[in-house]
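Peer 1: Below is the file work18.tsv, with TSV, N, CA and C atoms.
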```tsv
chain	number	residue	atom	x	y	z
T	1	GLN	N	4.41	18.18	6.70
T	1	GLN	CA	3.71	16.97	7.08
T	1	GLN	C	2.87	16.44	5.92
T	2	VAL	N	2.73	15.15	5.89
T	2	VAL	CA	1.90	14.48	4.90
T	2	VAL	C	0.91	13.61	5.65
T	3	GLN	N	-0.35	13.73	5.30
T	3	GLN	CA	-1.38	12.89	5.91
T	3	GLN	C	-1.81	11.85	4.88
T	4	LEU	N	-1.95	10.62	5.33
T	4	LEU	CA	-2.32	9.51	4.46
T	4	LEU	C	-3.56	8.82	5.01
T	5	VAL	N	-4.53	8.59	4.14
T	5	VAL	CA	-5.77	7.93	4.56
T	5	VAL	C	-6.04	6.78	3.59
T	6	GLU	N	-6.05	5.57	4.16
T	6	GLU	CA	-6.31	4.38	3.35
T	6	GLU	C	-7.80	4.06	3.34
T	7	SER	N	-8.22	3.40	2.28
T	7	SER	CA	-9.58	2.90	2.18
T	7	SER	C	-9.59	1.72	1.22
T	8	GLY	N	-10.72	1.01	1.22
T	8	GLY	CA	-10.88	-0.09	0.28
T	8	GLY	C	-10.72	-1.47	0.85
T	9	GLY	N	-10.34	-1.54	2.11
T	9	GLY	CA	-10.22	-2.86	2.71
T	9	GLY	C	-11.58	-3.49	2.94
T	10	GLY	N	-11.57	-4.75	3.35
T	10	GLY	CA	-12.82	-5.43	3.63
T	10	GLY	C	-12.64	-6.92	3.68
T	11	LEU	N	-13.76	-7.61	3.64
T	11	LEU	CA	-13.79	-9.07	3.68
T	11	LEU	C	-14.04	-9.59	2.27
T	12	VAL	N	-13.19	-10.50	1.83
T	12	VAL	CA	-13.32	-11.04	0.49
T	12	VAL	C	-13.00	-12.52	0.52
T	13	GLN	N	-13.59	-13.27	-0.36
T	13	GLN	CA	-13.31	-14.70	-0.43
T	13	GLN	C	-12.00	-14.94	-1.18
T	14	ALA	N	-11.38	-16.04	-0.87
T	14	ALA	CA	-10.16	-16.41	-1.57
T	14	ALA	C	-10.41	-16.44	-3.08
T	15	GLY	N	-9.46	-15.91	-3.81
T	15	GLY	CA	-9.61	-15.80	-5.25
T	15	GLY	C	-10.19	-14.49	-5.71
T	16	GLY	N	-10.70	-13.72	-4.77
T	16	GLY	CA	-11.32	-12.44	-5.10
T	16	GLY	C	-10.30	-11.32	-5.24
T	17	SER	N	-10.82	-10.12	-5.42
T	17	SER	CA	-9.96	-8.95	-5.64
T	17	SER	C	-10.40	-7.79	-4.77
T	18	LEU	N	-9.45	-6.92	-4.51
T	18	LEU	CA	-9.71	-5.67	-3.81
T	18	LEU	C	-8.81	-4.60	-4.38
T	19	ARG	N	-9.29	-3.37	-4.32
T	19	ARG	CA	-8.43	-2.24	-4.67
T	19	ARG	C	-8.35	-1.31	-3.47
T	20	LEU	N	-7.15	-1.18	-2.95
T	20	LEU	CA	-6.91	-0.27	-1.84
T	20	LEU	C	-6.51	1.09	-2.39
T	21	SER	N	-6.96	2.12	-1.70
T	21	SER	CA	-6.63	3.49	-2.08
T	21	SER	C	-5.95	4.18	-0.92
T	22	CYS	N	-5.07	5.10	-1.26
T	22	CYS	CA	-4.39	5.90	-0.24
T	22	CYS	C	-4.37	7.34	-0.73
T	23	ALA	N	-5.13	8.18	-0.04
T	23	ALA	CA	-5.20	9.60	-0.40
T	23	ALA	C	-4.22	10.38	0.46
T	24	ALA	N	-3.38	11.14	-0.20
T	24	ALA	CA	-2.38	11.93	0.50
T	24	ALA	C	-2.77	13.40	0.49
T	25	SER	N	-2.50	14.07	1.59
T	25	SER	CA	-2.75	15.50	1.68
T	25	SER	C	-1.60	16.15	2.46
T	26	GLY	N	-1.55	17.45	2.41
T	26	GLY	CA	-0.47	18.15	3.08
T	26	GLY	C	0.67	18.42	2.11
T	27	ARG	N	1.89	18.26	2.58
T	27	ARG	CA	3.06	18.54	1.75
T	27	ARG	C	3.36	17.37	0.83
T	28	THR	N	2.40	17.07	-0.04
T	28	THR	CA	2.52	15.89	-0.89
T	28	THR	C	3.67	15.97	-1.88
T	29	PHE	N	4.08	17.21	-2.22
T	29	PHE	CA	5.16	17.37	-3.19
T	29	PHE	C	6.47	16.83	-2.64
T	30	SER	N	6.53	16.66	-1.32
T	30	SER	CA	7.77	16.16	-0.71
T	30	SER	C	7.86	14.65	-0.73
T	31	SER	N	6.79	13.99	-1.16
T	31	SER	CA	6.78	12.52	-1.16
T	31	SER	C	7.29	12.00	-2.49
T	32	LYS	N	8.47	11.45	-2.48
T	32	LYS	CA	9.08	10.95	-3.70
T	32	LYS	C	8.66	9.52	-4.02
T	33	VAL	N	8.43	8.77	-2.97
T	33	VAL	CA	8.06	7.36	-3.12
T	33	VAL	C	6.88	7.08	-2.20
T	34	MET	N	5.94	6.30	-2.70
T	34	MET	CA	4.84	5.85	-1.85
T	34	MET	C	4.77	4.34	-1.91
T	35	GLY	N	4.35	3.77	-0.82
T	35	GLY	CA	4.35	2.32	-0.77
T	35	GLY	C	3.24	1.75	0.07
T	36	TRP	N	3.13	0.45	0.00
T	36	TRP	CA	2.18	-0.30	0.82
T	36	TRP	C	2.94	-1.34	1.63
T	37	PHE	N	2.53	-1.46	2.87
T	37	PHE	CA	3.06	-2.48	3.77
T	37	PHE	C	1.88	-3.18	4.40
T	38	ARG	N	2.13	-4.29	5.04
T	38	ARG	CA	1.06	-4.99	5.74
T	38	ARG	C	1.59	-5.67	6.98
T	39	ARG	N	0.68	-5.84	7.94
T	39	ARG	CA	1.02	-6.56	9.15
T	39	ARG	C	-0.07	-7.59	9.40
T	40	ALA	N	0.31	-8.84	9.30
T	40	ALA	CA	-0.61	-9.95	9.57
T	40	ALA	C	-0.62	-10.23	11.07
T	41	PRO	N	-1.68	-10.83	11.57
T	41	PRO	CA	-1.76	-11.14	13.00
T	41	PRO	C	-0.56	-11.94	13.49
T	42	GLY	N	0.09	-11.45	14.51
T	42	GLY	CA	1.22	-12.16	15.09
T	42	GLY	C	2.51	-12.08	14.30
T	43	LYS	N	2.52	-11.25	13.26
T	43	LYS	CA	3.72	-11.15	12.43
T	43	LYS	C	4.24	-9.72	12.38
T	44	GLU	N	5.48	-9.60	11.90
T	44	GLU	CA	6.05	-8.28	11.74
T	44	GLU	C	5.47	-7.60	10.49
T	45	ARG	N	5.55	-6.27	10.49
T	45	ARG	CA	5.13	-5.54	9.30
T	45	ARG	C	6.06	-5.91	8.14
T	46	GLU	N	5.48	-6.07	6.96
T	46	GLU	CA	6.29	-6.43	5.80
T	46	GLU	C	5.96	-5.54	4.61
T	47	PHE	N	6.96	-5.37	3.77
T	47	PHE	CA	6.81	-4.60	2.56
T	47	PHE	C	5.93	-5.33	1.56
T	48	VAL	N	5.08	-4.57	0.86
T	48	VAL	CA	4.24	-5.15	-0.19
T	48	VAL	C	4.62	-4.60	-1.56
T	49	SER	N	4.63	-3.26	-1.67
T	49	SER	CA	4.89	-2.67	-2.98
T	49	SER	C	5.24	-1.19	-2.81
T	50	LEU	N	5.90	-0.63	-3.82
T	50	LEU	CA	6.16	0.81	-3.82
T	50	LEU	C	6.17	1.34	-5.24
T	51	ILE	N	5.98	2.65	-5.32
T	51	ILE	CA	6.04	3.33	-6.60
T	51	ILE	C	6.81	4.64	-6.43
T	52	ASN	N	7.68	4.91	-7.38
T	52	ASN	CA	8.42	6.17	-7.41
T	52	ASN	C	7.63	7.13	-8.29
T	53	TRP	N	7.22	8.25	-7.71
T	53	TRP	CA	6.35	9.18	-8.43
T	53	TRP	C	7.00	9.72	-9.69
T	54	SER	N	8.28	10.04	-9.61
T	54	SER	CA	8.92	10.71	-10.75
T	54	SER	C	9.29	9.76	-11.87
T	55	SER	N	9.76	8.58	-11.52
T	55	SER	CA	10.20	7.63	-12.56
T	55	SER	C	9.13	6.64	-12.95
T	56	GLY	N	8.15	6.47	-12.06
T	56	GLY	CA	7.13	5.46	-12.32
T	56	GLY	C	7.58	4.05	-11.98
T	57	THR	N	8.78	3.93	-11.48
T	57	THR	CA	9.30	2.61	-11.13
T	57	THR	C	8.48	1.98	-10.02
T	58	THR	N	8.20	0.71	-10.16
T	58	THR	CA	7.46	-0.02	-9.14
T	58	THR	C	8.27	-1.21	-8.66
T	59	ASN	N	7.92	-1.68	-7.49
T	59	ASN	CA	8.58	-2.83	-6.91
T	59	ASN	C	7.56	-3.61	-6.09
T	60	TYR	N	7.72	-4.93	-6.06
T	60	TYR	CA	6.76	-5.78	-5.37
T	60	TYR	C	7.48	-6.83	-4.54
T	61	ALA	N	6.86	-7.18	-3.44
T	61	ALA	CA	7.34	-8.32	-2.67
T	61	ALA	C	7.06	-9.59	-3.46
T	62	ASP	N	7.89	-10.58	-3.29
T	62	ASP	CA	7.71	-11.84	-4.00
T	62	ASP	C	6.35	-12.45	-3.70
T	63	SER	N	5.87	-12.24	-2.49
T	63	SER	CA	4.61	-12.85	-2.07
T	63	SER	C	3.40	-12.34	-2.83
T	64	VAL	N	3.51	-11.16	-3.44
T	64	VAL	CA	2.37	-10.59	-4.17
T	64	VAL	C	2.67	-10.37	-5.64
T	65	LYS	N	3.89	-10.62	-6.06
T	65	LYS	CA	4.28	-10.39	-7.44
T	65	LYS	C	3.39	-11.20	-8.37
T	66	GLY	N	2.87	-10.54	-9.39
T	66	GLY	CA	1.97	-11.20	-10.32
T	66	GLY	C	0.52	-11.12	-9.92
T	67	ARG	N	0.26	-10.74	-8.68
T	67	ARG	CA	-1.11	-10.63	-8.19
T	67	ARG	C	-1.47	-9.19	-7.80
T	68	ALA	N	-0.47	-8.36	-7.66
T	68	ALA	CA	-0.70	-6.98	-7.21
T	68	ALA	C	-0.20	-5.99	-8.24
T	69	THR	N	-0.90	-4.88	-8.32
T	69	THR	CA	-0.47	-3.78	-9.18
T	69	THR	C	-0.61	-2.48	-8.43
T	70	ILE	N	0.49	-1.74	-8.32
T	70	ILE	CA	0.46	-0.43	-7.67
T	70	ILE	C	0.42	0.63	-8.75
T	71	SER	N	-0.36	1.66	-8.51
T	71	SER	CA	-0.46	2.75	-9.47
T	71	SER	C	-0.74	4.03	-8.70
T	72	GLY	N	-0.57	5.14	-9.39
T	72	GLY	CA	-0.78	6.42	-8.74
T	72	GLY	C	-1.46	7.41	-9.66
T	73	ASP	N	-2.17	8.32	-9.04
T	73	ASP	CA	-2.83	9.41	-9.76
T	73	ASP	C	-2.29	10.70	-9.17
T	74	ASN	N	-1.38	11.33	-9.87
T	74	ASN	CA	-0.75	12.55	-9.36
T	74	ASN	C	-1.75	13.66	-9.11
T	75	ALA	N	-2.71	13.79	-10.01
T	75	ALA	CA	-3.70	14.86	-9.89
T	75	ALA	C	-4.52	14.71	-8.62
T	76	LYS	N	-4.74	13.48	-8.21
T	76	LYS	CA	-5.56	13.22	-7.02
T	76	LYS	C	-4.70	12.94	-5.79
T	77	ASN	N	-3.39	12.93	-5.97
T	77	ASN	CA	-2.48	12.59	-4.85
T	77	ASN	C	-2.90	11.29	-4.20
T	78	THR	N	-3.20	10.32	-5.03
T	78	THR	CA	-3.71	9.05	-4.55
T	78	THR	C	-2.91	7.90	-5.16
T	79	VAL	N	-2.60	6.93	-4.34
T	79	VAL	CA	-1.95	5.72	-4.82
T	79	VAL	C	-2.88	4.54	-4.57
T	80	TYR	N	-2.86	3.60	-5.47
T	80	TYR	CA	-3.76	2.45	-5.42
T	80	TYR	C	-2.95	1.15	-5.37
T	81	LEU	N	-3.56	0.16	-4.77
T	81	LEU	CA	-3.00	-1.18	-4.80
T	81	LEU	C	-4.11	-2.14	-5.20
T	82	GLN	N	-4.03	-2.64	-6.40
T	82	GLN	CA	-4.99	-3.63	-6.89
T	82	GLN	C	-4.45	-5.01	-6.53
T	83	MET	N	-5.23	-5.75	-5.79
T	83	MET	CA	-4.84	-7.09	-5.38
T	83	MET	C	-5.81	-8.10	-5.98
T	84	ASN	N	-5.30	-9.06	-6.72
T	84	ASN	CA	-6.11	-10.10	-7.34
T	84	ASN	C	-5.72	-11.47	-6.80
T	85	SER	N	-6.55	-12.44	-7.08
T	85	SER	CA	-6.29	-13.82	-6.64
T	85	SER	C	-5.88	-13.85	-5.18
T	86	LEU	N	-6.67	-13.17	-4.36
T	86	LEU	CA	-6.32	-13.06	-2.95
T	86	LEU	C	-6.33	-14.41	-2.25
T	87	LYS	N	-5.42	-14.54	-1.30
T	87	LYS	CA	-5.26	-15.77	-0.54
T	87	LYS	C	-5.51	-15.48	0.94
T	88	PRO	N	-5.89	-16.48	1.71
T	88	PRO	CA	-6.06	-16.24	3.16
T	88	PRO	C	-4.81	-15.64	3.80
T	89	GLU	N	-3.63	-15.98	3.31
T	89	GLU	CA	-2.40	-15.44	3.87
T	89	GLU	C	-2.17	-13.97	3.54
T	90	ASP	N	-3.05	-13.40	2.71
T	90	ASP	CA	-3.00	-11.96	2.45
T	90	ASP	C	-3.73	-11.18	3.54
T	91	THR	N	-4.41	-11.88	4.42
T	91	THR	CA	-5.12	-11.22	5.51
T	91	THR	C	-4.15	-10.42	6.37
T	92	ALA	N	-4.43	-9.14	6.51
T	92	ALA	CA	-3.53	-8.26	7.25
T	92	ALA	C	-4.13	-6.86	7.30
T	93	VAL	N	-3.54	-6.03	8.12
T	93	VAL	CA	-3.81	-4.60	8.05
T	93	VAL	C	-2.82	-4.02	7.05
T	94	TYR	N	-3.34	-3.33	6.07
T	94	TYR	CA	-2.51	-2.76	5.03
T	94	TYR	C	-2.30	-1.27	5.31
T	95	TYR	N	-1.05	-0.87	5.26
T	95	TYR	CA	-0.67	0.51	5.55
T	95	TYR	C	-0.07	1.18	4.33
T	96	CYS	N	-0.46	2.40	4.13
T	96	CYS	CA	0.14	3.23	3.11
T	96	CYS	C	1.26	4.04	3.76
T	97	ALA	N	2.33	4.27	3.00
T	97	ALA	CA	3.45	5.03	3.54
T	97	ALA	C	4.03	5.92	2.46
T	98	ALA	N	4.63	7.02	2.89
T	98	ALA	CA	5.25	7.96	1.97
T	98	ALA	C	6.66	8.28	2.44
T	99	ALA	N	7.55	8.40	1.48
T	99	ALA	CA	8.95	8.70	1.79
T	99	ALA	C	9.33	10.03	1.16
T	100	SER	N	9.81	10.95	1.98
T	100	SER	CA	10.30	12.21	1.45
T	100	SER	C	11.81	12.17	1.25
T	101	SER	N	12.44	11.14	1.78
T	101	SER	CA	13.88	10.97	1.57
T	101	SER	C	14.14	9.49	1.35
T	102	SER	N	15.02	8.92	2.12
T	102	SER	CA	15.37	7.52	1.91
T	102	SER	C	14.60	6.56	2.79
T	103	ILE	N	13.75	7.10	3.64
T	103	ILE	CA	12.97	6.22	4.49
T	103	ILE	C	11.49	6.60	4.40
T	104	PHE	N	10.65	5.64	4.73
T	104	PHE	CA	9.22	5.93	4.79
T	104	PHE	C	8.95	6.61	6.12
T	105	ASN	N	8.67	7.90	6.07
T	105	ASN	CA	8.51	8.66	7.29
T	105	ASN	C	7.08	9.12	7.57
T	106	TYR	N	6.16	8.80	6.68
T	106	TYR	CA	4.75	9.11	6.92
T	106	TYR	C	3.93	7.83	6.72
T	107	TRP	N	3.00	7.62	7.64
T	107	TRP	CA	2.22	6.39	7.62
T	107	TRP	C	0.74	6.69	7.82
T	108	GLY	N	-0.09	5.89	7.16
T	108	GLY	CA	-1.52	5.97	7.40
T	108	GLY	C	-1.92	5.10	8.57
T	109	GLN	N	-3.21	5.11	8.85
T	109	GLN	CA	-3.74	4.36	9.99
T	109	GLN	C	-3.98	2.89	9.67
T	110	GLY	N	-4.04	2.59	8.39
T	110	GLY	CA	-4.22	1.20	7.99
T	110	GLY	C	-5.66	0.86	7.63
T	111	THR	N	-5.80	-0.15	6.80
T	111	THR	CA	-7.12	-0.67	6.44
T	111	THR	C	-7.06	-2.19	6.48
T	112	GLN	N	-8.07	-2.79	7.08
T	112	GLN	CA	-8.08	-4.24	7.28
T	112	GLN	C	-8.52	-4.97	6.02
T	113	VAL	N	-7.75	-5.96	5.64
T	113	VAL	CA	-8.12	-6.87	4.55
T	113	VAL	C	-8.21	-8.27	5.14
T	114	THR	N	-9.36	-8.88	4.97
T	114	THR	CA	-9.57	-10.24	5.47
T	114	THR	C	-9.99	-11.12	4.31
T	115	VAL	N	-9.25	-12.19	4.10
T	115	VAL	CA	-9.54	-13.10	3.01
T	115	VAL	C	-9.99	-14.43	3.61
T	116	SER	N	-11.20	-14.81	3.30
T	116	SER	CA	-11.75	-16.05	3.85
T	116	SER	C	-11.50	-17.21	2.88
T	117	SER	N	-11.30	-18.38	3.47
T	117	SER	CA	-11.01	-19.56	2.63
T	117	SER	C	-12.27	-20.27	2.23
```
The structure given in the file should be rewritten as structure tokens.

Peer 2:
Amino acid sequence: QVQLVESGGGLVQAGGSLRLSCAASGRTFSSKVMGWFRRAPGKEREFVSLINWSSGTTNYADSVKGRATISGDNAKNTVYLQMNSLKPEDTAVYYCAAASSSIFNYWGQGTQVTVSS
């Protein structure tokens, strides 16, 4: 099992920045890929970004490309999502997820990000 705990959410004005953190514990060595997803009010959960621990490869949704940076600290078993130039449409609950195989099978509880206009 892998436990994921997100932090860093909050209320920010449009144009501002936030850094979300996701601390992993448990069988962290089994997590090959970690990612961020979000669910906005009334919408389906959507992919935001991911990072492959071994290759360092990253991927971003078009909606955040150029404004988000995902990074990881292996020693701390922590993945970060730096979000800049935030927009009201970025308002959502952000979830951290870990994949031990081809699917994201571990999820955190989420952290709320609210961007005011």

Peer 1: Would you mind listing what lies within 7 Å of stretch 96-101 of chain T as a ChimeraX atom specification, with only C-alpha atoms counted and same-chain residues fewer than 2 positions away left out?

Peer 2: /T:4,6,22,30-37,94,103-108,110

Peer 1: Quick one: everything within 6.5 Å of stretch 71-79 of chain T, counting all atoms listed in the file, minus sequence neighbours fewer than 4 positions away in the same chain. Send it as a PyMOL selection string.

Peer 2: chain T and resi 20-25

Peer 1: Enumerate the residues of stretch 3-106 of chain T with a DSSP assignment of strand (DSSP E or B), computed from the backbone, and present them as a PyMOL selection string.

Peer 2: chain T and resi 3-7+10-13+18-26+33-39+45-52+58-60+68-73+78-83+92-99+104-106

Peer 1: For a quick check of understanding, using only N, CA and C atoms, which of T:Leu50, T:Gly15, T:Arg45, T:Tyr80 has the smallest distance to T:Ser117?

Peer 2: T:Gly15

Peer 1: Please provide the set of residues having any atom within 8 Å of T:Gly9, restricted to only C-alpha atoms, with same-chain residues fewer than 5 positions apart removed, written as a ChimeraX atom specification.

Peer 2: /T:18-20,111-114

Peer 1: Considering only C-alpha atoms, state which residue in the set T:Leu11, T:Arg38, T:Glu44, T:Asn84 is at the smallest distance from T:Val115.

Peer 2: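 The answer is T:Leu11, which sits nearest to T:Val115.
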
Peer 1: When you draw a straight line from atom C of T:Val64 to atom CA of T:Gln109, how long is it in Å?

Peer 2: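 Taking atom C of T:Val64 as the start and atom CA of T:Gln109 as the end point, the length is 22.4 Å.
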
Peer 1: Please return as a list in words: the residues of chain T that backbone DSSP assigns to helix (DSSP H, G or I).

Peer 2: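 Assigned to helix (DSSP H, G or I), within chain T: Thr28, Phe29, Ser30, Asn74, Ala75, Lys76, Pro88, Glu89 and Asp90 of chain T.
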
Peer 1: Enter the distance from atom CA of T:Val12 to atom CA of T:Asp62, in Å, rounded to one decimal.

Peer 2: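 Going from atom CA of T:Val12 over to atom CA of T:Asp62, I get 21.5 Å.
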
Peer 1: Closest to T:Ser63 among T:Val93, T:Met83, T:Gly8, T:Phe29, using only C-alpha atoms?

Peer 2: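 Of all the options, T:Met83 lies closest to T:Ser63.
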
Peer 1: Need to verify the contact set: T:Ala61, 6 Å, only N, CA and C atoms, exclusion of same-chain residues closer than 6 positions in sequence. Can you return it as a list in words?

Peer 2: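 My list of contacting residues is Phe47, Val48 and Ser49 of chain T.
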
Peer 1: Figure out the distance between atom CA of T:Gly56 and atom N of T:Ser85, please, to one decimal in Å.

Peer 2: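 Separation between atom N of T:Ser85 and atom CA of T:Gly56: 23.1 Å.
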
Peer 1: Have a look at T:Tyr95, T:Gly16, T:Thr28, T:Ala68 and name the one nearest to T:Gln82; count only N, CA and C atoms.

Peer 2: T:Ala68

Peer 1: Can you sort out the box for stretch 101-113 of chain T, edges along x, y and z, all listed atoms in, 5 Å on every side, with centre and edge lengths in Å to one decimal, as lines of an AutoDock Vina configuration file?

Peer 2:
```
center_x = 3.4
center_y = 1.4
center_z = 5.7
size_x = 33.9
size_y = 29.4
size_z = 18.6
```

Peer 1: Can you put all heavy atoms back into stretch 29-39 of chain T and show it as a short mmCIF file (atom, residue, chain, number, x, y, z; two decimals), in the coordinates of the input?

Peer 2:
```
data_model
loop_
_atom_site.label_atom_id
_atom_site.label_comp_id
_atom_site.auth_asym_id
_atom_site.auth_seq_id
_atom_site.Cartn_x
_atom_site.Cartn_y
_atom_site.Cartn_z
N PHE T 29 4.08 17.21 -2.22
CA PHE T 29 5.16 17.37 -3.19
C PHE T 29 6.47 16.83 -2.64
O PHE T 29 7.41 16.56 -3.38
CB PHE T 29 5.33 18.84 -3.57
CG PHE T 29 5.64 19.73 -2.41
CD1 PHE T 29 6.94 19.91 -1.98
CD2 PHE T 29 4.63 20.38 -1.73
CE1 PHE T 29 7.23 20.73 -0.90
CE2 PHE T 29 4.90 21.21 -0.65
CZ PHE T 29 6.21 21.37 -0.23
N SER T 30 6.53 16.66 -1.32
CA SER T 30 7.77 16.16 -0.71
C SER T 30 7.86 14.65 -0.73
O SER T 30 8.91 14.08 -0.41
CB SER T 30 7.86 16.64 0.74
OG SER T 30 6.85 16.04 1.54
N SER T 31 6.79 13.99 -1.16
CA SER T 31 6.78 12.52 -1.16
C SER T 31 7.29 12.00 -2.49
O SER T 31 6.61 12.10 -3.49
CB SER T 31 5.37 12.00 -0.90
OG SER T 31 4.89 12.44 0.33
N LYS T 32 8.47 11.45 -2.48
CA LYS T 32 9.08 10.95 -3.70
C LYS T 32 8.66 9.52 -4.02
O LYS T 32 8.56 9.14 -5.18
CB LYS T 32 10.59 11.05 -3.59
CG LYS T 32 11.12 12.46 -3.46
CD LYS T 32 12.61 12.49 -3.24
CE LYS T 32 13.16 13.90 -3.28
NZ LYS T 32 12.47 14.80 -2.33
N VAL T 33 8.43 8.77 -2.97
CA VAL T 33 8.06 7.36 -3.12
C VAL T 33 6.88 7.08 -2.20
O VAL T 33 6.84 7.57 -1.07
CB VAL T 33 9.23 6.43 -2.75
CG1 VAL T 33 8.79 4.96 -2.82
CG2 VAL T 33 10.43 6.68 -3.66
N MET T 34 5.94 6.30 -2.70
CA MET T 34 4.84 5.85 -1.85
C MET T 34 4.77 4.34 -1.91
O MET T 34 5.12 3.73 -2.93
CB MET T 34 3.53 6.49 -2.27
CG MET T 34 3.50 7.98 -1.99
SD MET T 34 1.88 8.72 -2.20
CE MET T 34 1.02 8.06 -0.78
N GLY T 35 4.35 3.77 -0.82
CA GLY T 35 4.35 2.32 -0.77
C GLY T 35 3.24 1.75 0.07
O GLY T 35 2.50 2.49 0.74
N TRP T 36 3.13 0.45 0.00
CA TRP T 36 2.18 -0.30 0.82
C TRP T 36 2.94 -1.34 1.63
O TRP T 36 3.85 -2.01 1.11
CB TRP T 36 1.15 -1.00 -0.06
CG TRP T 36 0.17 -0.08 -0.70
CD1 TRP T 36 0.24 0.48 -1.94
CD2 TRP T 36 -1.06 0.39 -0.12
NE1 TRP T 36 -0.85 1.28 -2.17
CE2 TRP T 36 -1.67 1.24 -1.07
CE3 TRP T 36 -1.71 0.18 1.09
CZ2 TRP T 36 -2.89 1.86 -0.84
CZ3 TRP T 36 -2.93 0.80 1.33
CH2 TRP T 36 -3.50 1.63 0.37
N PHE T 37 2.53 -1.46 2.87
CA PHE T 37 3.06 -2.48 3.77
C PHE T 37 1.88 -3.18 4.40
O PHE T 37 0.75 -2.72 4.30
CB PHE T 37 3.92 -1.82 4.87
CG PHE T 37 5.19 -1.20 4.35
CD1 PHE T 37 5.17 0.00 3.67
CD2 PHE T 37 6.41 -1.82 4.56
CE1 PHE T 37 6.34 0.58 3.19
CE2 PHE T 37 7.59 -1.26 4.10
CZ PHE T 37 7.55 -0.05 3.41
N ARG T 38 2.13 -4.29 5.04
CA ARG T 38 1.06 -4.99 5.74
C ARG T 38 1.59 -5.67 6.98
O ARG T 38 2.75 -6.02 7.06
CB ARG T 38 0.38 -6.01 4.81
CG ARG T 38 1.25 -7.18 4.41
CD ARG T 38 0.52 -8.05 3.38
NE ARG T 38 1.31 -9.22 3.00
CZ ARG T 38 0.95 -10.07 2.04
NH1 ARG T 38 -0.18 -9.88 1.36
NH2 ARG T 38 1.72 -11.11 1.76
N ARG T 39 0.68 -5.84 7.94
CA ARG T 39 1.02 -6.56 9.15
C ARG T 39 -0.07 -7.59 9.40
O ARG T 39 -1.23 -7.23 9.66
CB ARG T 39 1.12 -5.62 10.35
CG ARG T 39 1.64 -6.33 11.60
CD ARG T 39 1.43 -5.49 12.85
NE ARG T 39 2.05 -4.19 12.75
CZ ARG T 39 3.28 -3.91 13.16
NH1 ARG T 39 4.03 -4.88 13.66
NH2 ARG T 39 3.76 -2.70 13.06
#
```
